[in-house]
Structures are given as structure tokens and as C-alpha cells.
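**Q** Pasting in a structure now, in C-alpha cells, and then I'll have a few things to ask.
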Amino acid sequence: MSAQMIRRLILKDWYFMRWAIAAYLALGAIALLLVATGGEGSFYAGCVLLFTVLISLGIHLAMATVVQERSDQTLPFVMSLPISPRDYTTAKILANMLIFLIPWLALVFGTLAVIGGRTAIEDGLIPFAAIILTWILVSYCLLLAVALVSESQSWAIGAMVVGNLAFQGVLYGVSHIPSIARTMKGDTIVWTPAAVTLIVAEGASVALLLALTFFFQNRKTDFI
Amino acid sequence: MSDLAVHFEGVSKKYPHFTLDDIHLELPTGSIMGFIGANGAGKSTTLRILMGLVHQDRGAVEVLGHSMPADQARAKLDLGYVSEDMRLYKAATLRWHMEFVRSIYPAWDETYAASLVRCFDVKPEQRIRGMSHGQRVKAALLLVLARKPRLLVLDEPTTGLDPVARHEVLGALMEVLADERRTVLFSSQNTLDVEQISDQITFIDRGRIIDSSDKESLLDRWRRVRLDFPAGVVLPTLDGVITRSTSGRLTVLTANRFTPAMTAACVAAGANVRAIETMSLEEIFVANVQQRREREAA
């Protein structure tokens, strides 16, 4: 029953978010089109739109599927179904990760393909782009963790602010790491030790944030 | 198998400004318990603990043979819960909710659901967003009733309903209650609603259960006795009298364990019995709460 219920809850969130996912995918496609065609201005506009789409998707998802469930008072309805709090947490994390990862992966691979395929854009940019786009995933996991554990709009907004400020810092900081700065404007893709370390650290951060979410959710004693 | 649908044993839950204290509660299978308390008395907390939505700090809770909150997922297969603060998804239609609930509960009865749609006068194709409060409550009840739970837990479902909607909801509940195997725990501030449908009554105040018994014996043992006392007559000490007020020659006694011997003792002391009045559930509740609070304050 548990796996079946988790599946139903995931499908429920997917159902409510289906139009939003389609809209973000469409906007992401426009961003990729801008990156893939036109001059320098179009490239930067496409990059800004792409980051905005991914960040907005994460915010929209966490707010709509987690925070709103409490503020709209639909949480008692969900929790009255034959599920345990652990089932609820699992369903929320899986639904959110699934819904976020589908557009995220599509846009990440699309971006990397555009950079790799377009001669006007240096291939050396790929590790940098991968680090930045993975950071957006980390930032989303932070927001999801805070939203799930706190179920509070204020805390979620705080996590968004931290995530967005950190994004600017990561953008600046990574581009100023000497080994990455040296290779990102070259014609070849160079996975420097710094770039690999950063990607691995980001992956570990995602795993840690999700594990911490389960840990704190398991300690909760009130669910509505 | 236990013949208790619900069993609370020494259950406590502490919050910064409220404590649910040492709750002992037994609800036999097939009975309908009205759970009465003022705002903030602990009704919702008790029912949330019953549902596993809030975990008790101390004590044991068993619901339909399942230990709560540990075994809540299995217990909730046979539990129907509607609370005043529960909402459905605004963006979805009632039909979507019906399909969703039907996909989860094998006991969902489509024919019964259709009859409830007609009885409650709700439109399955309507989005929840466009429904009135009364329609939303009816929709939530429909989703619970059509899956025929063994235990129905209703936390102030009639709060905020207009008289017509309240009447319809209570009517539907009374129909459901005709099924003797079904157990219902119904919390409300409205004693009239509770009096109509319950066969067991529990009063809760300031986080403590102050009385719990079957409705008939509760109504039977509470009486208001109006006495005429000629000057110089002294009222004897009577067991079971919780309040006594005097105005001139008239004395009014409120008894929570009334027996005919009580009036006989008054008559023997020289008093004239003007009236022995039954009390409504609301009067009993208020007298009970006031007595407890005065005793605590003393």
C-alpha cells in the first residue's frame, strides 16, 4: 500500500503542476533558442532567461506543492489518507525531484548541446555551465528541504533569498577560480580538478540536503 | 478482536500554552460519541492524536486495533476524517477528488456516492474554488462517507454552516449512523447537533476530560430542582448537588447525581418542591465546566 500511495501522491502533484511544467519547458526552449542563435546580446539574454526559468521553476514547485498545501489547508486532507508521515515526505521529495529534474535535465543537456554545437561559443564553457546549472539544483534542494521541514512561507522565502544571493556569489566565485577561468574561454573542454571537485561537492550537497530533510521530518510530531 | 474502536490510555500532549492532560477515552464499536468542549478545550488535538496527525508525548492510543501513531497508515484505511479546517484542492473538481479517493479505497461505493451527490445537491463537475463553505463541507463528507469507513471522525464539521446546510449534513449523518457497525466520534461546540445524533457524550475542558458517559444516563442524572424554603428551614447536605443558589424563599439546586431520595430529604426538612426540571445538554455542559473551574480555582 505504501508504494502505491506514494505513487498516487506523486501523480497528484504532477497533475496539479502539469501546465506549469509545460510553460517552463516552453520558456526554457525559447532561452535555448536565444543562446543557439543570434549574436552576443542574444546569447546573454538566453542565459539570463534560462537561469530565470530554472530558478522560478524551483520556487514555483516548492511553494505550490509544499508550502501551499499547508496555507491552503489541504494538508489535513492528504494526511487523512492511508499514509504515514514518512510516506508523505518520500512522496513530496520524489514528486518534486521528478518534476524539477525533467525540465532541468532537458534544459541542462540542451544548454550543453548548444554550447558544444555552436562554434561561436567556446566549448571550454561547458564545465563552467555544468557547475552553475548544478548549483541551481542544489539551491532548489535547499528550498525544498526548508519548505518541507518548516512548512512556512517565511522560511521558504528566506531560503530563496539565500539561494539567489548564493547563486550570484557562485557565478562570480567559480568564474574567478584560476584553473576554471583559464580554460573556460578555450576551444576544448577541460575538466580541471577544481571543476570536478565542485560538481562532486554539489552532488554531495544534494544528497545531504535530502537526507537532512528525512532526518528532520522523522523527528516531527505534529503534521497539521 | 477488541470491541473498542478507540482506546486512549493516559494520553498527554504538551504545547507551550496548552496541555492535553492524561486523557482516558473509550469508544465502543458501533457507538456514536459526541465530543463537546469550548474553543481551545482540546477537542481537535485529541482527534488529531487519534488520527496520528499529532503524536502524543505520553500514553497509548489504539484505533480499530492499531497502535497510533505507529500503525497509522493501515488504521487510516478504515478511518474517515473531516475537520473544520480541512480543505480540498481548489483547482480541482469534485469529480477529480472522487476519482482520486476511489483509486485509494477499495470500499468506495459508486452508487452510494451518486446518491450522496443528489442528497447534498453538489455538482461533481464544479471546481472546489467555486463552491460555498457549505458545499465544500458536503463535498468533504461525501468523499469520506462513500468509502464507508468503520470509524468516522468528524471535527466540528457543522461549524460555519447555514441552518439549511447544517440540517442536510446532520440528516446525511443520521442516515449513515443507521449502520450499526459504524462508529462515529463527532466533536462540536454545538450541543444541539451532538444531542441529536450521539449515544455517548464526552465533555472536555482545558485539556481534561471532565465527564464521559452514555447520553441517556447523563441526561437522567442531571436535574435542576426548584424548592420553596420557609424561614428557618435548613437545607440538609445532599450528595450529588453541585450548585445551590437562593433568592428569597426560592432555592435552586443543580444535581449531577439526582435521585428521588434527594427531594424526599428536602421535603423531610420542610421544603416544598416547586419543580424538578430536566436539563439540556448545553445546560449540563455549562454547569459541569463551571463546577470544575470553580473547584480548580478554589
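Chains: A, B, ... in order of the C-alpha cells. Residues: from 1 per chain. Ligands: from 1, in order shown.
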Residues of chain B were defined as contacting chain A if any atom lay at most 7 Å from it, counting only C-alpha atoms; please report them as a list in words.
**A**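 The selection requested is Leu53, Val54, His55, Gln72, Ala73, Arg74, Lys76, Leu77, Tyr81, Asp85, Met86, Arg87, Leu88 and Tyr89 of chain B.
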**Q** Please save N, CA and C atoms of the selected residues as an mmCIF file, in the first residue's frame.
**A**
```cif
data_model
loop_
_atom_site.group_PDB
_atom_site.id
_atom_site.type_symbol
_atom_site.label_atom_id
_atom_site.label_comp_id
_atom_site.auth_asym_id
_atom_site.auth_seq_id
_atom_site.Cartn_x
_atom_site.Cartn_y
_atom_site.Cartn_z
ATOM 1 N N LEU B 53 -2.097 12.326 13.335
ATOM 2 C CA LEU B 53 -1.591 13.562 12.729
ATOM 3 C C LEU B 53 -0.761 14.359 13.726
ATOM 4 N N VAL B 54 -1.025 14.125 14.994
ATOM 5 C CA VAL B 54 -0.232 14.709 16.072
ATOM 6 C C VAL B 54 0.178 13.537 16.963
ATOM 7 N N HIS B 55 1.454 13.501 17.340
ATOM 8 C CA HIS B 55 1.930 12.384 18.163
ATOM 9 C C HIS B 55 1.874 12.768 19.639
ATOM 10 N N GLN B 72 -0.427 4.089 11.736
ATOM 11 C CA GLN B 72 -1.480 4.972 11.217
ATOM 12 C C GLN B 72 -1.851 4.712 9.753
ATOM 13 N N ALA B 73 -0.885 4.312 8.941
ATOM 14 C CA ALA B 73 -1.192 4.119 7.520
ATOM 15 C C ALA B 73 -2.258 3.034 7.351
ATOM 16 N N ARG B 74 -2.112 1.938 8.107
ATOM 17 C CA ARG B 74 -3.107 0.859 8.000
ATOM 18 C C ARG B 74 -4.422 1.242 8.659
ATOM 19 N N LYS B 76 -5.714 4.159 8.924
ATOM 20 C CA LYS B 76 -6.449 5.185 8.165
ATOM 21 C C LYS B 76 -7.188 4.615 6.952
ATOM 22 N N LEU B 77 -6.891 3.348 6.624
ATOM 23 C CA LEU B 77 -7.664 2.708 5.551
ATOM 24 C C LEU B 77 -9.132 2.570 5.960
ATOM 25 N N TYR B 81 -12.035 10.960 8.062
ATOM 26 C CA TYR B 81 -11.783 12.148 8.887
ATOM 27 C C TYR B 81 -12.193 13.404 8.128
ATOM 28 N N ASP B 85 -11.129 22.571 9.603
ATOM 29 C CA ASP B 85 -10.024 23.270 8.934
ATOM 30 C C ASP B 85 -9.456 22.473 7.754
ATOM 31 N N MET B 86 -10.187 21.467 7.302
ATOM 32 C CA MET B 86 -9.723 20.682 6.157
ATOM 33 C C MET B 86 -10.287 21.265 4.863
ATOM 34 N N ARG B 87 -9.443 21.425 3.865
ATOM 35 C CA ARG B 87 -9.898 21.937 2.577
ATOM 36 C C ARG B 87 -9.522 20.948 1.475
ATOM 37 N N LEU B 88 -10.280 21.006 0.398
ATOM 38 C CA LEU B 88 -9.953 20.196 -0.782
ATOM 39 C C LEU B 88 -9.169 21.087 -1.754
ATOM 40 N N TYR B 89 -8.668 20.472 -2.836
ATOM 41 C CA TYR B 89 -7.857 21.246 -3.783
ATOM 42 C C TYR B 89 -8.737 22.181 -4.613
#
```
**Q** Per residue of segment 18-90 of chain B within 9 Å of segment 174-194 of chain B, which atom pair is closest and at what distance in Å (one decimal), using only C-alpha atoms, listed by chain and increasing number, as a Markdown table?
**A**
```
| residue | atom | partner | partner_atom | distance |
| --- | --- | --- | --- | --- |
| B:Leu27 | CA | B:Thr183 | CA | 8.1 |
| B:Pro28 | CA | B:Thr183 | CA | 7.7 |
| B:Thr29 | CA | B:Thr183 | CA | 5.5 |
| B:Gly30 | CA | B:Thr183 | CA | 4.4 |
| B:Ser31 | CA | B:Thr183 | CA | 5.1 |
| B:Ile32 | CA | B:Val184 | CA | 4.6 |
| B:Met33 | CA | B:Leu185 | CA | 4.8 |
| B:Gly34 | CA | B:Phe186 | CA | 4.9 |
| B:Phe35 | CA | B:Ser187 | CA | 4.3 |
| B:Ile36 | CA | B:Ser188 | CA | 5.5 |
| B:Gly37 | CA | B:Gln189 | CA | 5.9 |
| B:Ala38 | CA | B:Gln189 | CA | 6.0 |
| B:Asn39 | CA | B:Gln189 | CA | 7.6 |
| B:Lys43 | CA | B:Ser187 | CA | 6.6 |
| B:Ser44 | CA | B:Ser187 | CA | 7.9 |
| B:Leu47 | CA | B:Ser187 | CA | 8.5 |
```
**Q** Residues within 7 Å of segment 164-181 of chain A, please, as a list in words. Count only C-alpha atoms; anything in the same chain fewer than 2 positions from it doesn't count.
**A**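 Neighbouring residues, sequence-local ones excluded: Ile132, Met160, Val161, Val162, Thr183, Met184, Thr192 and Ala195 of chain A.
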**Q** Quick one: write out the picked residues with N, CA and C atoms as a tab-separated table (two decimals), in the first residue's frame?
**A**
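Contents of the output file result-v5.tsv:
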```tsv
chain	number	residue	atom	x	y	z
A	132	ILE	N	27.39	25.78	-12.78
A	132	ILE	CA	26.36	26.80	-12.47
A	132	ILE	C	24.96	26.17	-12.50
A	160	MET	N	14.90	31.10	-0.35
A	160	MET	CA	15.00	31.62	-1.73
A	160	MET	C	16.03	32.74	-1.80
A	161	VAL	N	15.95	33.64	-0.81
A	161	VAL	CA	16.88	34.78	-0.79
A	161	VAL	C	18.31	34.27	-0.67
A	162	VAL	N	18.52	33.33	0.25
A	162	VAL	CA	19.86	32.77	0.43
A	162	VAL	C	20.34	32.10	-0.87
A	183	THR	N	40.54	28.04	-18.51
A	183	THR	CA	40.11	27.08	-19.53
A	183	THR	C	38.74	27.39	-20.13
A	184	MET	N	37.96	28.25	-19.47
A	184	MET	CA	36.57	28.40	-19.94
A	184	MET	C	36.45	29.16	-21.26
A	192	THR	N	38.95	20.43	-15.12
A	192	THR	CA	40.04	20.63	-14.18
A	192	THR	C	39.68	19.99	-12.84
A	195	ALA	N	37.01	21.96	-11.12
A	195	ALA	CA	35.66	21.80	-11.68
A	195	ALA	C	35.04	20.49	-11.22
```
**Q** Just asking: which residues within segment 65-98 of chain B are alpha helix (DSSP H) according to DSSP, as an MDAnalysis selection string?
**A** chainID B and resid 72:75 94:98
**Q** Write out as an MDAnalysis selection string each polymer residue whose atoms come within 10 Å of segment 108-116 of chain B, counting only C-alpha atoms; drop sequence neighbours fewer than 5 positions from it.
**A** chainID B and resid 98:99 101:103 121:122 124 138:139 141:149 172
**Q** Which residue is closest to Ala31 of chain A? Choose from A:Ser154, A:Gln68, A:Thr111, A:Ser56 and count only C-alpha atoms.
**A** A:Thr111
**Q** Near Gly39 of chain A, counting only C-alpha atoms, which residues have an atom at most 12 Å away, once you skip same-chain residues fewer than 5 positions from it, shown as a PyMOL selection string?
**A** chain A and resi 33-34+44-46+118+120-121
**Q** Counting only C-alpha atoms, which of A:Ala145, A:Phe214, A:Ala204, A:Thr197 gets nearest to Val67 of chain A?
**A** A:Ala145
**Q** Skip Ala207 of chain A itself and residues of its chain fewer than 3 positions away, then list as number ranges by chain all residues within 12 Å of it, counting only C-alpha atoms.
**A** A: 93, 97, 137-138, 141-142, 145, 200-204, 210-214
**Q** Write out as a PyMOL selection string the residues lying within 6 Å of segment 273-287 of chain B, counting only C-alpha atoms and excluding same-chain residues fewer than 5 positions away.
**A** chain B and resi 191+223-227
**Q** Quick one: write out the picked residues with N, CA and C atoms as a JSON list (two decimals), in the first residue's frame?
**A**
```
[["chain", "number", "residue", "atom", "x", "y", "z"],
["B", 191, "THR", "N", -24.11, 21.88, 21.05],
["B", 191, "THR", "CA", -24.64, 20.74, 21.79],
["B", 191, "THR", "C", -25.92, 20.18, 21.18],
["B", 223, "ARG", "N", -30.36, 17.11, 37.08],
["B", 223, "ARG", "CA", -31.66, 17.75, 37.28],
["B", 223, "ARG", "C", -31.46, 19.11, 37.94],
["B", 224, "ARG", "N", -32.43, 19.99, 37.66],
["B", 224, "ARG", "CA", -32.50, 21.26, 38.38],
["B", 224, "ARG", "C", -33.76, 21.18, 39.26],
["B", 225, "VAL", "N", -33.57, 21.37, 40.55],
["B", 225, "VAL", "CA", -34.69, 21.24, 41.49],
["B", 225, "VAL", "C", -34.99, 22.62, 42.09],
["B", 226, "ARG", "N", -36.23, 23.06, 41.92],
["B", 226, "ARG", "CA", -36.64, 24.37, 42.49],
["B", 226, "ARG", "C", -37.42, 24.09, 43.78],
["B", 227, "LEU", "N", -36.94, 24.71, 44.84],
["B", 227, "LEU", "CA", -37.52, 24.45, 46.16],
["B", 227, "LEU", "C", -37.98, 25.76, 46.81]]
```
**Q** Let me make sure I understand: among B:Pro157, B:Gly52, B:Gly130, B:Pro230, which one has the smallest atom-to-atom distance to Ala75 of chain B if we use only C-alpha atoms?
**A** B:Gly52
